[in-house]
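Asks: Structure supplied as target_39.cif; contents: mmCIF, C-alpha atoms.
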```cif
data_structure
#
loop_
_atom_site.label_atom_id
_atom_site.label_comp_id
_atom_site.auth_asym_id
_atom_site.auth_seq_id
_atom_site.Cartn_x
_atom_site.Cartn_y
_atom_site.Cartn_z
CA MET J 1 177.54 100.38 113.97
CA ALA J 2 176.18 100.58 117.50
CA VAL J 3 174.98 104.13 116.85
CA LEU J 4 173.35 103.04 113.57
CA SER J 5 171.53 100.17 115.26
CA VAL J 6 170.16 102.60 117.85
CA LEU J 7 169.05 105.12 115.23
CA THR J 8 167.40 102.55 112.93
CA PRO J 9 164.16 102.17 115.00
CA ILE J 10 163.98 105.95 115.27
CA LEU J 11 164.40 106.39 111.50
CA VAL J 12 161.75 103.76 110.85
CA ALA J 13 159.34 105.49 113.22
CA VAL J 14 159.96 108.88 111.59
CA LEU J 15 159.47 107.37 108.13
CA CYS J 16 156.17 105.81 109.20
CA LEU J 17 154.97 109.16 110.54
CA VAL J 18 155.85 110.92 107.29
CA ILE J 19 154.06 108.30 105.19
CA GLY J 20 151.01 108.44 107.46
CA PHE J 21 150.89 112.23 107.21
CA VAL J 22 151.10 112.14 103.40
CA VAL J 23 148.31 109.55 103.16
CA LEU J 24 146.09 111.52 105.54
CA LYS J 25 146.56 114.78 103.63
CA SER J 26 145.82 112.97 100.39
CA ARG J 27 142.51 111.71 101.75
CA GLU J 28 141.57 115.13 103.08
CA THR J 29 142.29 116.73 99.70
CA LYS J 30 140.23 114.12 97.89
CA THR J 31 137.31 114.57 100.27
CA ALA J 32 137.44 118.37 99.99
CA SER J 33 137.31 118.14 96.20
CA GLY J 34 134.18 116.00 96.27
CA GLY J 35 135.80 112.57 96.18
CA LYS J 36 134.81 109.68 98.44
CA THR J 37 137.22 107.83 100.63
CA LYS J 38 137.00 104.08 100.75
CA GLY J 39 136.25 104.03 104.45
CA ALA J 40 133.49 106.65 104.39
CA SER J 41 130.62 105.62 106.62
CA LYS J 42 126.93 105.88 105.85
CA GLU J 43 126.73 108.78 108.29
CA ASP J 44 129.12 110.73 106.04
CA PHE J 45 126.74 110.43 103.08
CA ARG J 46 123.71 112.71 103.11
CA PRO J 47 121.41 111.99 100.13
CA TRP J 48 119.79 115.41 100.30
CA VAL J 49 121.28 117.38 97.44
CA ASP J 50 119.24 116.62 94.35
CA GLN J 51 121.73 114.87 92.09
CA ASP J 52 119.49 115.72 89.16
CA LEU J 53 120.62 119.33 89.56
CA GLU J 54 124.35 118.58 89.37
CA ASP J 55 126.19 120.63 86.79
CA ASN J 56 128.63 118.59 84.72
CA SER J 57 129.74 121.42 82.45
CA GLU J 58 133.39 121.13 83.45
CA ASN J 59 133.58 117.33 83.14
CA PRO J 60 135.00 115.99 79.85
CA VAL J 61 132.62 113.80 77.89
CA GLN J 62 134.36 110.68 76.60
CA ASP J 63 133.45 107.32 75.17
CA LYS J 64 134.46 103.97 76.69
CA ASP J 65 137.84 104.05 74.99
CA GLY J 66 138.62 107.54 76.25
CA GLY J 67 137.83 109.21 72.94
CA ASP J 68 136.29 112.65 72.92
CA LEU J 69 132.59 112.67 72.08
CA VAL J 70 132.34 116.45 72.10
CA ASP J 71 132.38 118.26 68.79
CA HIS J 72 134.70 121.26 69.09
CA ASP J 73 134.28 122.35 65.47
CA GLU J 74 132.34 125.46 66.35
CA GLU J 75 132.10 128.41 64.02
CA GLU J 76 135.26 130.38 64.72
CA ASN J 77 134.47 133.58 62.82
CA MET J 78 131.01 134.55 64.01
CA PRO J 79 130.03 137.82 62.34
CA HIS J 80 129.57 140.88 64.52
CA VAL J 81 127.08 143.68 63.87
CA PRO J 82 126.81 147.23 65.21
CA TYR J 83 124.94 147.63 68.50
CA SER J 84 123.50 150.61 70.31
CA LEU J 85 120.79 151.49 72.82
CA PRO J 86 118.79 154.66 73.32
CA ARG J 87 120.78 157.04 75.51
CA TYR J 88 118.43 158.59 78.04
CA PRO J 89 118.95 161.83 79.93
CA VAL J 90 119.99 161.21 83.54
CA GLN J 91 116.60 162.31 84.85
CA THR J 92 114.84 159.86 82.54
CA MET J 93 117.18 157.08 83.68
CA GLN J 94 116.35 157.88 87.30
CA GLU J 95 112.62 157.84 86.58
CA ARG J 96 112.77 154.59 84.63
CA SER J 97 114.90 152.85 87.23
CA HIS J 98 112.56 153.99 90.00
CA ASP J 99 109.46 152.87 88.09
CA PHE J 100 110.97 149.46 87.41
CA TYR J 101 111.94 149.08 91.05
CA CYS J 102 108.39 149.89 92.14
CA LEU J 103 107.04 147.31 89.70
CA MET J 104 109.41 144.57 90.87
CA ASN J 105 109.05 145.47 94.53
CA GLN J 106 105.42 144.42 94.20
CA ARG J 107 106.51 140.93 93.16
CA ARG J 108 105.62 138.34 95.76
CA THR J 109 105.48 134.58 96.02
CA VAL J 110 101.75 133.81 95.74
CA ARG J 111 100.42 130.36 96.60
CA PHE J 112 96.78 131.25 95.96
CA ILE J 113 96.33 131.24 92.20
CA SER J 114 93.11 131.70 90.25
CA PRO J 115 92.00 129.01 87.77
CA GLU J 116 90.97 131.79 85.39
CA PRO J 117 92.38 131.09 81.91
CA VAL J 118 95.33 133.08 80.61
CA PRO J 119 95.85 133.48 76.84
CA ARG J 120 98.50 131.07 75.63
CA ASP J 121 100.21 133.62 73.39
CA ILE J 122 100.98 135.74 76.47
CA ILE J 123 102.75 132.79 78.11
CA GLU J 124 104.68 132.21 74.89
CA LYS J 125 105.78 135.85 74.85
CA VAL J 126 107.08 135.85 78.44
CA ILE J 127 109.02 132.64 77.74
CA HIS J 128 110.39 134.21 74.57
CA THR J 129 111.53 137.07 76.79
CA ALA J 130 113.21 134.65 79.20
CA GLY J 131 115.08 133.26 76.22
CA THR J 132 116.89 136.59 75.82
CA ALA J 133 119.04 135.75 78.86
CA PRO J 134 122.82 135.53 78.46
CA SER J 135 124.35 132.05 78.42
CA GLY J 136 127.82 130.55 78.43
CA ALA J 137 129.19 130.69 74.86
CA HIS J 138 125.64 131.50 73.72
CA THR J 139 124.56 127.87 74.09
CA GLU J 140 121.04 128.84 75.31
CA PRO J 141 120.83 125.71 77.50
CA TRP J 142 117.18 125.98 78.53
CA THR J 143 113.94 124.18 77.80
CA PHE J 144 110.63 125.59 79.06
CA VAL J 145 107.92 122.93 79.29
CA VAL J 146 104.45 124.51 79.55
CA VAL J 147 101.74 122.24 80.96
CA SER J 148 98.05 123.16 80.79
CA ASP J 149 96.55 119.66 80.54
CA SER J 150 94.67 119.02 83.80
CA GLU J 151 95.57 115.33 84.07
CA THR J 152 99.27 115.99 83.54
CA LYS J 153 99.17 118.79 86.10
CA HIS J 154 97.61 116.39 88.60
CA GLN J 155 100.28 113.77 87.94
CA ILE J 156 102.92 116.44 88.57
CA ARG J 157 101.21 117.34 91.85
CA LEU J 158 101.21 113.71 93.01
CA ILE J 159 104.93 113.34 92.27
CA VAL J 160 105.82 116.60 94.00
CA GLU J 161 103.68 116.04 97.09
CA GLU J 162 105.02 112.51 97.60
CA GLU J 163 108.61 113.74 97.72
CA GLU J 164 107.81 116.95 99.58
CA GLU J 165 106.17 115.05 102.43
CA ILE J 166 109.36 113.01 102.84
CA ASN J 167 111.37 116.25 102.71
CA TYR J 168 109.32 117.85 105.47
CA ARG J 169 109.11 114.77 107.67
CA GLN J 170 112.60 113.31 107.25
CA ARG J 171 115.13 115.23 105.15
CA MET J 172 114.66 118.82 106.27
CA GLY J 173 115.97 119.80 109.68
CA ASP J 174 113.73 121.10 112.46
CA LYS J 175 115.06 124.63 111.97
CA TRP J 176 114.15 124.62 108.29
CA VAL J 177 110.63 123.34 108.97
CA TYR J 178 110.23 125.92 111.74
CA ASP J 179 111.32 128.77 109.47
CA LEU J 180 108.82 127.68 106.81
CA ALA J 181 105.96 127.40 109.30
CA LYS J 182 105.58 131.19 109.57
CA LEU J 183 105.03 131.27 105.81
CA LYS J 184 102.21 128.74 106.22
CA THR J 185 103.64 126.35 103.65
CA ASN J 186 103.86 122.57 103.73
CA TRP J 187 103.96 119.65 101.29
CA ILE J 188 100.38 120.20 100.10
CA LYS J 189 100.58 121.95 96.71
CA GLU J 190 97.00 122.59 95.65
CA TYR J 191 98.08 125.33 93.26
CA LEU J 192 99.67 122.69 91.01
CA ASP J 193 96.14 121.59 90.09
CA VAL J 194 94.58 125.04 90.12
CA ALA J 195 97.02 127.22 88.17
CA PRO J 196 96.16 127.42 84.46
CA TYR J 197 99.81 126.77 83.55
CA LEU J 198 102.77 124.98 85.05
CA ILE J 199 106.10 126.01 83.57
CA LEU J 200 108.88 123.51 84.20
CA ILE J 201 112.33 124.89 83.40
CA PHE J 202 114.96 122.32 82.44
CA LYS J 203 118.67 122.98 82.10
CA GLN J 204 120.39 121.18 79.27
CA ILE J 205 123.65 119.85 80.72
CA HIS J 206 124.85 119.40 77.14
CA GLY J 207 123.45 119.79 73.65
CA ILE J 208 123.22 117.19 70.89
CA LEU J 209 124.52 118.21 67.48
CA PRO J 210 123.06 116.97 64.17
CA ASN J 211 126.01 114.57 63.84
CA GLY J 212 125.08 112.98 67.18
CA LYS J 213 128.02 114.40 69.11
CA LYS J 214 127.57 116.26 72.35
CA LYS J 215 127.96 120.01 72.60
CA ILE J 216 129.25 121.38 75.90
CA HIS J 217 126.92 123.83 77.60
CA TYR J 218 129.15 125.98 79.76
CA TYR J 219 127.73 127.27 83.05
CA ASN J 220 124.35 125.85 82.12
CA GLU J 221 122.83 126.12 85.60
CA ILE J 222 123.85 129.76 86.04
CA SER J 223 122.60 130.59 82.54
CA VAL J 224 119.21 128.96 83.10
CA SER J 225 118.91 130.59 86.53
CA ILE J 226 119.37 134.01 84.93
CA SER J 227 116.65 133.20 82.40
CA CYS J 228 114.35 132.26 85.29
CA GLY J 229 114.93 135.69 86.83
CA ILE J 230 114.01 137.38 83.57
CA LEU J 231 110.91 135.17 83.36
CA LEU J 232 109.82 136.28 86.84
CA ALA J 233 110.22 139.92 85.82
CA ALA J 234 108.26 139.33 82.61
CA LEU J 235 105.40 137.71 84.57
CA GLN J 236 105.34 140.58 87.05
CA ASN J 237 105.24 143.04 84.17
CA ILE J 238 101.93 141.63 82.90
CA GLY J 239 100.25 141.07 86.27
CA LEU J 240 100.66 137.30 86.66
CA VAL J 241 101.94 135.56 89.78
CA THR J 242 103.89 132.42 90.56
CA VAL J 243 105.67 130.37 93.21
CA THR J 244 109.39 129.79 92.70
CA SER J 245 109.32 126.07 93.35
CA THR J 246 112.41 123.83 93.35
CA PRO J 247 110.94 120.33 93.75
CA LEU J 248 113.93 118.46 95.19
CA ASN J 249 114.30 114.79 94.30
CA CYS J 250 111.39 115.01 91.83
CA GLY J 251 113.46 115.74 88.74
CA PRO J 252 113.87 112.23 87.29
CA LYS J 253 110.19 111.32 87.70
CA LEU J 254 109.00 114.61 86.23
CA ARG J 255 111.44 114.34 83.35
CA MET J 256 110.11 110.86 82.52
CA LEU J 257 106.50 112.00 82.88
CA LEU J 258 107.10 114.84 80.42
CA LYS J 259 109.20 112.64 78.11
CA ARG J 260 112.22 114.90 78.24
CA PRO J 261 115.65 113.59 77.11
CA THR J 262 118.32 112.55 79.60
CA ASN J 263 120.49 115.59 78.87
CA GLU J 264 117.83 117.79 80.50
CA LYS J 265 117.62 118.24 84.26
CA LEU J 266 114.77 119.99 86.07
CA LEU J 267 115.79 123.26 87.70
CA MET J 268 112.55 125.01 88.61
CA LEU J 269 108.78 124.62 88.52
CA LEU J 270 106.54 127.69 88.25
CA PRO J 271 102.73 127.56 88.59
CA VAL J 272 101.51 130.63 86.71
CA GLY J 273 98.22 132.52 86.66
CA TYR J 274 96.29 135.47 88.05
CA PRO J 275 96.25 135.84 91.84
CA ALA J 276 93.10 134.41 93.44
CA SER J 277 90.58 136.99 94.63
CA ASP J 278 91.25 136.00 98.26
CA ALA J 279 95.03 135.64 97.88
CA THR J 280 97.21 136.64 100.82
CA VAL J 281 100.98 136.91 101.27
CA PRO J 282 103.21 137.25 104.35
CA ASN J 283 103.61 140.85 105.47
CA PHE J 284 107.38 141.22 105.28
CA THR J 285 109.73 143.98 104.19
CA ARG J 286 112.88 143.81 102.08
CA LYS J 287 116.37 144.85 103.05
CA PRO J 288 117.31 148.47 102.24
CA VAL J 289 119.86 148.99 99.51
CA HIS J 290 122.69 149.81 101.94
CA ASP J 291 122.30 146.32 103.44
CA ILE J 292 122.69 144.51 100.11
CA MET J 293 125.20 146.73 98.28
CA VAL J 294 128.86 147.38 99.00
CA HIS J 295 130.41 150.32 97.16
CA ILE J 296 134.20 150.22 96.92
#
```
Go ahead and express the file in the form of structure tokens.
Replies:
Amino acid sequence: MAVLSVLTPILVAVLCLVIGFVVLKSRETKTASGGKTKGASKEDFRPWVDQDLEDNSENPVQDKDGGDLVDHDEEENMPHVPYSLPRYPVQTMQERSHDFYCLMNQRRTVRFISPEPVPRDIIEKVIHTAGTAPSGAHTEPWTFVVVSDSETKHQIRLIVEEEEEINYRQRMGDKWVYDLAKLKTNWIKEYLDVAPYLILIFKQIHGILPNGKKKIHYYNEISVSISCGILLAALQNIGLVTVTSTPLNCGPKLRMLLKRPTNEKLLMLLPVGYPASDATVPNFTRKPVHDIMVHI
């Protein structure tokens, strides 16, 4: 009994340490997975990431009672058809790949855009081309909003510049602002008024079926990002320029301005047109292929 009475405080202390360790690891795991601990301070929360860009593809959509609102009754037996492409001789493949590289290597971010009109059917065709991008389960989760109305373009500029000034002055670190200075860019976005078209690309975080249920759009942000890359290539192919703009913290206001539904989130904004006659771009070079490719 004497031995037990001596060991009891030690056992209690050991038990407390074990419980404390388990609780601590639980909190660390929750924080690492994106959860918030109850005692998180304001310093731990950085409202910089644009929540309007969050991808909720993997989150189940349920009603208040926990019932599934997603319609899983997709067509199970989609028909398949034969597919083939022209098979080029190796020399032709080398020539075509080189020519396409030369074309795309000329692509630059151009902030000096001409107000000269561009035929609307050409813009429609490049967007149609962007719509050929692959998407998760072929959900095609993209909406391209084309704006040519001058007043709407100006309203977009006001929204973007208001948030961008806050970004430059408060949210962005000194290093980020310094790195952008050599590119001579700031929160003033004159090209949003000048460019004949603004293309705003929205990702659909889910679809809405005719029966009102929600349709999951898998990997919607990756899918829409791929379509944006194809759109950039299509614009370069016809001699038009753009600025790959990601207007952080502007998404909700721009979505409301353009009367887009709540299942759409702004991913990218592209002013599109011919380069201005006095356009300039930074004189930089790109990494050689051996710096960006690893062959195993």
Asks: Find the residues around Val243 of chain J up to 6 Å (only C-alpha atoms counted), leave out those fewer than 6 positions away in its own chain, and share them as a list in words.
Replies: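 Listing them by chain and then by number gives Thr109, Val110 and Leu270 of chain J.
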Asks: With the file shown as input, list the residues that the PyMOL selection byres ((chain J and resi 240) around 10) selects, as a ChimeraX atom specification.
Replies: /J:107,110,113,118,123,232-239,241-242,272-275
Asks: To one decimal place in Å, what is the distance between atom CA of Val126 of chain J and atom CA of Pro79 of chain J?
Replies: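 Separating atom CA of Val126 of chain J from atom CA of Pro79 of chain J is a distance of 28.1 Å.
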Asks: Please report the interatomic distance between atom CA of Glu140 of chain J and atom CA of Cys228 of chain J in Å with one decimal.
Replies: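 Separation of atom CA of Glu140 of chain J and atom CA of Cys228 of chain J: 12.5 Å.
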Asks: Atom CA of Ile159 of chain J and atom CA of Ile205 of chain J, how far apart in Å?
Replies: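 It comes out at 22.9 Å.
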Asks: Write out as a list in words each polymer residue whose atoms come within 9 Å of Thr262 of chain J, counting all atoms listed in the file; drop sequence neighbours fewer than 3 positions from it.
Replies: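 Near Thr262 of chain J, the qualifying residues are Gln204, Pro252, Arg255, Met256 and Lys265 of chain J.
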Asks: For Gly207 of chain J, which of J:Arg260, J:Ala279, J:Pro141, J:Asp121 is the closest residue, counting all atoms listed in the file?
Replies: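 For Gly207 of chain J, the nearest of the given residues is J:Pro141.
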Asks: Name the residues that the PyMOL selection byres ((chain J and resi 130) around 7) pulls out of this structure, and write them as a ChimeraX atom specification.
Replies: /J:126-129,131-133,227-228,230-231
Asks: For segment 187-195 of chain J, take all atoms listed in the file, fit an axis-aligned box around them, add 8 Å to each of the six sides, then output centre and edge lengths in Å rounded to one decimal, as lines of an AutoDock Vina configuration file.
Replies:
```
center_x = 99.3
center_y = 123.4
center_z = 94.7
size_x = 25.4
size_y = 23.6
size_z = 29.1
```
Asks: From the options J:Gln91, J:Pro282, J:Val194, J:Tyr219, which residue's atoms come nearest to Phe112 of chain J, counting only C-alpha atoms?
Replies: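 Checking each of J:Gln91, J:Pro282, J:Val194, J:Tyr219 against Phe112 of chain J, counting only C-alpha atoms, the winner is J:Val194.
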Asks: Out of J:Leu209, J:Val145, J:His154, J:His295, which residue has the shortest atom-to-atom distance to Leu267 of chain J when counting all atoms listed in the file?
Replies: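 The shortest atom-to-atom distance to Leu267 of chain J comes from J:Val145.
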Asks: Taking the file as I've supplied it (selection: the PyMOL selection byres ((chain J and resi 246) around 8)), which residues are included? Please answer as a ChimeraX atom specification.
Replies: /J:244-245,247-248,267-269
Asks: Excluding Val147 of chain J and any residue of its chain fewer than 5 positions from it, enumerate the residues within 12 Å of it, using all atoms listed in the file, and give them as an NGL selection string.
Replies: :J and (120 or 123 or 152-157 or 192-201 or 254 or 257-258 or 269-272)
Asks: With the input short on atoms, add N, CA, C and O atoms back to segment 211-226 of chain J and write it as a PDB file, keeping the file's coordinate frame.
Replies:
```
ATOM      1  N   ASN J 211     125.182 115.751  64.107  1.00  0.00           N
ATOM      2  CA  ASN J 211     126.010 114.570  63.840  1.00  0.00           C
ATOM      3  C   ASN J 211     126.013 113.584  65.015  1.00  0.00           C
ATOM      4  O   ASN J 211     126.739 112.601  65.002  1.00  0.00           O
ATOM      5  N   GLY J 212     125.199 113.890  66.048  1.00  0.00           N
ATOM      6  CA  GLY J 212     125.080 112.980  67.180  1.00  0.00           C
ATOM      7  C   GLY J 212     126.064 113.240  68.300  1.00  0.00           C
ATOM      8  O   GLY J 212     125.941 112.648  69.375  1.00  0.00           O
ATOM      9  N   LYS J 213     127.046 114.104  68.061  1.00  0.00           N
ATOM     10  CA  LYS J 213     128.020 114.400  69.110  1.00  0.00           C
ATOM     11  C   LYS J 213     127.416 115.379  70.118  1.00  0.00           C
ATOM     12  O   LYS J 213     126.447 116.070  69.839  1.00  0.00           O
ATOM     13  N   LYS J 214     128.051 115.400  71.293  1.00  0.00           N
ATOM     14  CA  LYS J 214     127.570 116.260  72.350  1.00  0.00           C
ATOM     15  C   LYS J 214     128.234 117.633  72.282  1.00  0.00           C
ATOM     16  O   LYS J 214     129.409 117.744  71.971  1.00  0.00           O
ATOM     17  N   LYS J 215     127.461 118.636  72.580  1.00  0.00           N
ATOM     18  CA  LYS J 215     127.960 120.010  72.600  1.00  0.00           C
ATOM     19  C   LYS J 215     127.980 120.494  74.043  1.00  0.00           C
ATOM     20  O   LYS J 215     126.950 120.461  74.725  1.00  0.00           O
ATOM     21  N   ILE J 216     129.137 120.936  74.517  1.00  0.00           N
ATOM     22  CA  ILE J 216     129.250 121.380  75.900  1.00  0.00           C
ATOM     23  C   ILE J 216     128.417 122.644  76.113  1.00  0.00           C
ATOM     24  O   ILE J 216     128.460 123.573  75.314  1.00  0.00           O
ATOM     25  N   HIS J 217     127.668 122.653  77.199  1.00  0.00           N
ATOM     26  CA  HIS J 217     126.920 123.830  77.600  1.00  0.00           C
ATOM     27  C   HIS J 217     127.570 124.400  78.854  1.00  0.00           C
ATOM     28  O   HIS J 217     127.333 123.928  79.962  1.00  0.00           O
ATOM     29  N   TYR J 218     128.395 125.407  78.666  1.00  0.00           N
ATOM     30  CA  TYR J 218     129.150 125.980  79.760  1.00  0.00           C
ATOM     31  C   TYR J 218     128.236 126.737  80.721  1.00  0.00           C
ATOM     32  O   TYR J 218     127.346 127.461  80.313  1.00  0.00           O
ATOM     33  N   TYR J 219     128.488 126.552  82.019  1.00  0.00           N
ATOM     34  CA  TYR J 219     127.730 127.270  83.050  1.00  0.00           C
ATOM     35  C   TYR J 219     126.223 127.178  82.807  1.00  0.00           C
ATOM     36  O   TYR J 219     125.497 128.173  82.891  1.00  0.00           O
ATOM     37  N   ASN J 220     125.763 125.972  82.504  1.00  0.00           N
ATOM     38  CA  ASN J 220     124.350 125.850  82.120  1.00  0.00           C
ATOM     39  C   ASN J 220     123.400 126.197  83.263  1.00  0.00           C
ATOM     40  O   ASN J 220     122.364 126.809  83.034  1.00  0.00           O
ATOM     41  N   GLU J 221     123.751 125.830  84.495  1.00  0.00           N
ATOM     42  CA  GLU J 221     122.830 126.120  85.600  1.00  0.00           C
ATOM     43  C   GLU J 221     122.748 127.618  85.876  1.00  0.00           C
ATOM     44  O   GLU J 221     121.653 128.149  86.110  1.00  0.00           O
ATOM     45  N   ILE J 222     123.863 128.308  85.839  1.00  0.00           N
ATOM     46  CA  ILE J 222     123.850 129.760  86.040  1.00  0.00           C
ATOM     47  C   ILE J 222     123.070 130.438  84.916  1.00  0.00           C
ATOM     48  O   ILE J 222     122.251 131.335  85.151  1.00  0.00           O
ATOM     49  N   SER J 223     123.291 129.992  83.687  1.00  0.00           N
ATOM     50  CA  SER J 223     122.600 130.590  82.540  1.00  0.00           C
ATOM     51  C   SER J 223     121.096 130.420  82.653  1.00  0.00           C
ATOM     52  O   SER J 223     120.328 131.376  82.441  1.00  0.00           O
ATOM     53  N   VAL J 224     120.652 129.218  82.997  1.00  0.00           N
ATOM     54  CA  VAL J 224     119.210 128.960  83.100  1.00  0.00           C
ATOM     55  C   VAL J 224     118.630 129.711  84.293  1.00  0.00           C
ATOM     56  O   VAL J 224     117.488 130.192  84.233  1.00  0.00           O
ATOM     57  N   SER J 225     119.389 129.840  85.374  1.00  0.00           N
ATOM     58  CA  SER J 225     118.910 130.590  86.530  1.00  0.00           C
ATOM     59  C   SER J 225     118.675 132.057  86.179  1.00  0.00           C
ATOM     60  O   SER J 225     117.695 132.668  86.620  1.00  0.00           O
ATOM     61  N   ILE J 226     119.569 132.626  85.374  1.00  0.00           N
ATOM     62  CA  ILE J 226     119.370 134.010  84.930  1.00  0.00           C
ATOM     63  C   ILE J 226     118.094 134.124  84.100  1.00  0.00           C
ATOM     64  O   ILE J 226     117.314 135.076  84.256  1.00  0.00           O
TER      65      ILE J 226
END
```
